[in-house]
Amino acid sequence: MPAFAPAAPTAQADPQPSQHRGRMPAEKDLDRHLAFLARKDRLIKTGGTDVVFVGDSITDWWRNDPQREIFEDYFGRFRPYNIGIAGDETQHVLWRIDHGELDGLTPKLVVLMIGTNNLANANRMGPAETADGVAAVVEAIRRKLPGARILLLGIFPRGNRSDDPLRLAVNATNTLIAGLADRKTVFYLDVGPEFLAPDGTLPGDLMPDYLHPNARGYQIWADAMKREIDTLTRGR
């Protein structure tokens, strides 16, 4: 997949889009990476996994109570392999993929959501550079797991108000990454509207910090994904 061109004028401008920082692998959280490799080896020895979840804190925190029970109830039958790490940006996921976290697996599906930290962490990338990083992650997954489908999720909304600058950056990025879907190998699902009130605000009783879902938010996410995951794993 080609790198993205700079964002359209309506999107937040990228500070240095020509550098494509989001597709330059970078090491982070080595201890957790090593723990994932050990988990992967155990999975392979005991039958493998049908669904891999890749992402940042929002994926990582499926491990936390009480949403861990939702995750197990909805997706436990797939023997899921969750390699989400809080704070990760696209370049960190690329490093982890390059260093073996997917090697030896034959899943039916990879569920990917990444990019929100590219937009807001110290690196502060704009939508085009962030989307370029997401495209690089999709490319890396396809190389490592050519037999798997990819369910690419839109980045969840941020900020309470619909005109929050980070919300606008998320929206612009999602518009770009939606174009990665070919409906053959890569499928796109934007769960974000499920979280929003009719006036476009993001309720604090679903995302108290206007970024991370609480248990109610995770329930909404699980409900929105379940049919897609069931469909995309069927017959594979």
# chains A, B, ... in the order shown; residues from 1 in each chain; ligands from 1
$ residues_around --residues "Gly235 in chain A" --least-positions-apart "2" --cutoff "12 Å" --atoms "only C-alpha atoms" --output "mmCIF file with C-alpha atoms, in the first residue's frame"
data_model
loop_
_atom_site.group_PDB
_atom_site.id
_atom_site.type_symbol
_atom_site.label_atom_id
_atom_site.label_comp_id
_atom_site.auth_asym_id
_atom_site.auth_seq_id
_atom_site.Cartn_x
_atom_site.Cartn_y
_atom_site.Cartn_z
ATOM 1 C CA ASP A 50 -8.098 -17.583 15.710
ATOM 2 C CA LYS A 108 -8.294 -16.204 10.890
ATOM 3 C CA LEU A 109 -8.548 -12.528 11.802
ATOM 4 C CA ALA A 148 -5.628 -13.705 7.786
ATOM 5 C CA ARG A 149 -8.262 -11.072 7.303
ATOM 6 C CA ILE A 229 -15.765 -10.913 14.028
ATOM 7 C CA ASP A 230 -18.190 -13.815 13.737
ATOM 8 C CA THR A 231 -18.660 -13.132 10.018
ATOM 9 C CA LEU A 232 -14.982 -12.633 9.196
ATOM 10 C CA THR A 233 -13.851 -15.789 10.992
#
$ select_by_dssp --residues "chain A" --states "strand (DSSP E or B)" --output "CSV table (one decimal) with N, CA, C and O atoms, in the first residue's frame"
chain,number,residue,atom,x,y,z
A,51,VAL,N,-8.0,-15.3,16.6
A,51,VAL,CA,-8.2,-13.9,16.5
A,51,VAL,C,-7.1,-13.2,17.3
A,51,VAL,O,-6.9,-13.5,18.5
A,52,VAL,N,-6.4,-12.3,16.7
A,52,VAL,CA,-5.3,-11.5,17.3
A,52,VAL,C,-5.9,-10.0,17.4
A,52,VAL,O,-6.4,-9.5,16.5
A,53,PHE,N,-5.7,-9.4,18.6
A,53,PHE,CA,-6.1,-8.0,18.8
A,53,PHE,C,-4.8,-7.2,19.0
A,53,PHE,O,-3.9,-7.5,19.8
A,54,VAL,N,-4.7,-6.2,18.1
A,54,VAL,CA,-3.5,-5.3,18.1
A,54,VAL,C,-3.9,-3.9,18.4
A,54,VAL,O,-4.8,-3.4,17.8
A,55,GLY,N,-3.1,-3.2,19.2
A,55,GLY,CA,-3.5,-1.8,19.5
A,55,GLY,C,-2.7,-1.2,20.6
A,55,GLY,O,-1.6,-1.7,21.0
A,81,TYR,N,-5.4,-13.6,21.2
A,81,TYR,CA,-4.1,-13.2,21.5
A,81,TYR,C,-4.1,-11.7,21.5
A,81,TYR,O,-4.1,-11.1,20.4
A,82,ASN,N,-4.0,-11.0,22.6
A,82,ASN,CA,-4.1,-9.6,22.7
A,82,ASN,C,-2.7,-9.0,22.9
A,82,ASN,O,-2.0,-9.3,23.9
A,83,ILE,N,-2.3,-8.2,21.9
A,83,ILE,CA,-1.0,-7.6,22.0
A,83,ILE,C,-1.1,-6.1,22.0
A,83,ILE,O,-0.3,-5.4,21.3
A,84,GLY,N,-2.1,-5.6,22.7
A,84,GLY,CA,-2.2,-4.2,22.9
A,84,GLY,C,-1.3,-3.7,24.0
A,84,GLY,O,-1.1,-4.4,25.0
A,109,LEU,N,-8.2,-14.0,11.8
A,109,LEU,CA,-8.5,-12.5,11.8
A,109,LEU,C,-7.6,-11.8,12.7
A,109,LEU,O,-7.3,-12.3,13.8
A,110,VAL,N,-7.2,-10.6,12.3
A,110,VAL,CA,-6.5,-9.6,13.2
A,110,VAL,C,-7.4,-8.4,13.3
A,110,VAL,O,-7.8,-7.8,12.3
A,111,VAL,N,-7.7,-8.0,14.6
A,111,VAL,CA,-8.4,-6.8,14.9
A,111,VAL,C,-7.4,-5.7,15.2
A,111,VAL,O,-6.7,-5.9,16.2
A,112,LEU,N,-7.4,-4.6,14.5
A,112,LEU,CA,-6.4,-3.6,14.7
A,112,LEU,C,-7.1,-2.2,14.9
A,112,LEU,O,-7.9,-1.8,14.2
A,113,MET,N,-6.7,-1.6,16.0
A,113,MET,CA,-7.0,-0.2,16.2
A,113,MET,C,-5.7,0.5,16.8
A,113,MET,O,-5.3,0.2,17.9
A,149,ARG,N,-7.6,-12.3,7.6
A,149,ARG,CA,-8.3,-11.1,7.3
A,149,ARG,C,-7.9,-10.1,8.4
A,149,ARG,O,-7.5,-10.4,9.5
A,150,ILE,N,-8.1,-8.8,8.1
A,150,ILE,CA,-7.8,-7.7,9.0
A,150,ILE,C,-9.1,-6.9,9.2
A,150,ILE,O,-9.7,-6.4,8.2
A,151,LEU,N,-9.5,-6.7,10.4
A,151,LEU,CA,-10.6,-5.8,10.7
A,151,LEU,C,-10.0,-4.6,11.3
A,151,LEU,O,-9.5,-4.5,12.5
A,152,LEU,N,-9.9,-3.5,10.5
A,152,LEU,CA,-9.3,-2.3,10.9
A,152,LEU,C,-10.4,-1.4,11.5
A,152,LEU,O,-11.4,-1.1,10.8
A,153,LEU,N,-10.2,-1.0,12.7
A,153,LEU,CA,-11.2,-0.2,13.4
A,153,LEU,C,-10.8,1.3,13.3
A,153,LEU,O,-9.6,1.7,13.4
A,186,VAL,N,-8.9,-6.7,3.9
A,186,VAL,CA,-9.0,-5.6,4.9
A,186,VAL,C,-10.4,-5.1,4.9
A,186,VAL,O,-10.9,-4.7,3.9
A,187,PHE,N,-11.0,-5.1,6.1
A,187,PHE,CA,-12.3,-4.6,6.3
A,187,PHE,C,-12.3,-3.5,7.4
A,187,PHE,O,-11.5,-3.5,8.3
A,188,TYR,N,-13.1,-2.5,7.2
A,188,TYR,CA,-13.1,-1.3,8.1
A,188,TYR,C,-14.4,-1.2,8.8
A,188,TYR,O,-15.5,-1.4,8.3
A,189,LEU,N,-14.3,-0.9,10.1
A,189,LEU,CA,-15.4,-0.7,11.0
A,189,LEU,C,-15.2,0.5,11.9
A,189,LEU,O,-14.2,0.5,12.6
$ residues_around --residues "Phe156 in chain A" --least-positions-apart "3" --cutoff "10 Å" --atoms "only C-alpha atoms" --output "NGL selection string"
:A and (58 or 113-116 or 153 or 167 or 170-171 or 174 or 190-195 or 210-213 or 221)
$ residues_around --residues "Leu206 in chain A" --least-positions-apart "3" --cutoff "6 Å" --atoms "only C-alpha atoms" --output "list in words"
Pro203, Pro213, Asn214, Arg216 and Gly217 of chain A
$ closest_residue --among "A:Asp29, A:Asp205, A:Asp199, A:Asp164" --to "Trp95 in chain A" --atoms "only C-alpha atoms"
A:Asp29
$ decode --residues "range 33-49 of chain A" --atoms "N, CA, C and O atoms" --output "JSON list (two decimals), in the first residue's frame"
[["chain", "number", "residue", "atom", "x", "y", "z"],
["A", 33, "HIS", "N", 6.93, -6.90, 25.46],
["A", 33, "HIS", "CA", 7.15, -7.59, 24.19],
["A", 33, "HIS", "C", 7.61, -9.02, 24.44],
["A", 33, "HIS", "O", 7.08, -9.97, 23.84],
["A", 34, "LEU", "N", 8.55, -9.20, 25.35],
["A", 34, "LEU", "CA", 9.05, -10.54, 25.65],
["A", 34, "LEU", "C", 7.95, -11.41, 26.26],
["A", 34, "LEU", "O", 7.86, -12.61, 25.97],
["A", 35, "ALA", "N", 7.10, -10.81, 27.09],
["A", 35, "ALA", "CA", 5.98, -11.56, 27.66],
["A", 35, "ALA", "C", 5.01, -11.99, 26.57],
["A", 35, "ALA", "O", 4.46, -13.11, 26.63],
["A", 36, "PHE", "N", 4.78, -11.14, 25.57],
["A", 36, "PHE", "CA", 3.91, -11.52, 24.47],
["A", 36, "PHE", "C", 4.50, -12.69, 23.68],
["A", 36, "PHE", "O", 3.78, -13.60, 23.25],
["A", 37, "LEU", "N", 5.81, -12.66, 23.48],
["A", 37, "LEU", "CA", 6.44, -13.77, 22.76],
["A", 37, "LEU", "C", 6.25, -15.09, 23.51],
["A", 37, "LEU", "O", 5.97, -16.13, 22.90],
["A", 38, "ALA", "N", 6.37, -15.03, 24.83],
["A", 38, "ALA", "CA", 6.16, -16.24, 25.63],
["A", 38, "ALA", "C", 4.71, -16.69, 25.55],
["A", 38, "ALA", "O", 4.43, -17.90, 25.43],
["A", 39, "ARG", "N", 3.79, -15.75, 25.61],
["A", 39, "ARG", "CA", 2.37, -16.08, 25.48],
["A", 39, "ARG", "C", 2.08, -16.69, 24.12],
["A", 39, "ARG", "O", 1.35, -17.69, 24.01],
["A", 40, "LYS", "N", 2.66, -16.12, 23.08],
["A", 40, "LYS", "CA", 2.46, -16.65, 21.73],
["A", 40, "LYS", "C", 2.95, -18.08, 21.63],
["A", 40, "LYS", "O", 2.29, -18.95, 21.06],
["A", 41, "ASP", "N", 4.13, -18.35, 22.19],
["A", 41, "ASP", "CA", 4.67, -19.71, 22.13],
["A", 41, "ASP", "C", 3.76, -20.71, 22.84],
["A", 41, "ASP", "O", 3.57, -21.84, 22.37],
["A", 42, "ARG", "N", 3.18, -20.30, 23.98],
["A", 42, "ARG", "CA", 2.26, -21.19, 24.68],
["A", 42, "ARG", "C", 1.01, -21.44, 23.85],
["A", 42, "ARG", "O", 0.51, -22.58, 23.78],
["A", 43, "LEU", "N", 0.50, -20.39, 23.21],
["A", 43, "LEU", "CA", -0.68, -20.55, 22.36],
["A", 43, "LEU", "C", -0.40, -21.53, 21.22],
["A", 43, "LEU", "O", -1.22, -22.40, 20.91],
["A", 44, "ILE", "N", 0.75, -21.38, 20.57],
["A", 44, "ILE", "CA", 1.08, -22.25, 19.45],
["A", 44, "ILE", "C", 1.14, -23.70, 19.90],
["A", 44, "ILE", "O", 0.64, -24.61, 19.23],
["A", 45, "LYS", "N", 1.73, -23.93, 21.07],
["A", 45, "LYS", "CA", 1.87, -25.30, 21.57],
["A", 45, "LYS", "C", 0.53, -25.93, 21.94],
["A", 45, "LYS", "O", 0.40, -27.15, 21.96],
["A", 46, "THR", "N", -0.46, -25.10, 22.22],
["A", 46, "THR", "CA", -1.75, -25.62, 22.69],
["A", 46, "THR", "C", -2.88, -25.41, 21.69],
["A", 46, "THR", "O", -4.05, -25.48, 22.05],
["A", 47, "GLY", "N", -2.53, -25.12, 20.42],
["A", 47, "GLY", "CA", -3.57, -25.04, 19.40],
["A", 47, "GLY", "C", -3.69, -23.74, 18.65],
["A", 47, "GLY", "O", -4.48, -23.62, 17.73],
["A", 48, "GLY", "N", -2.91, -22.74, 19.05],
["A", 48, "GLY", "CA", -2.91, -21.47, 18.32],
["A", 48, "GLY", "C", -4.07, -20.55, 18.70],
["A", 48, "GLY", "O", -4.75, -20.75, 19.70],
["A", 49, "THR", "N", -4.28, -19.54, 17.87],
["A", 49, "THR", "CA", -5.32, -18.54, 18.10],
["A", 49, "THR", "C", -6.05, -18.27, 16.80],
["A", 49, "THR", "O", -5.46, -18.33, 15.72]]
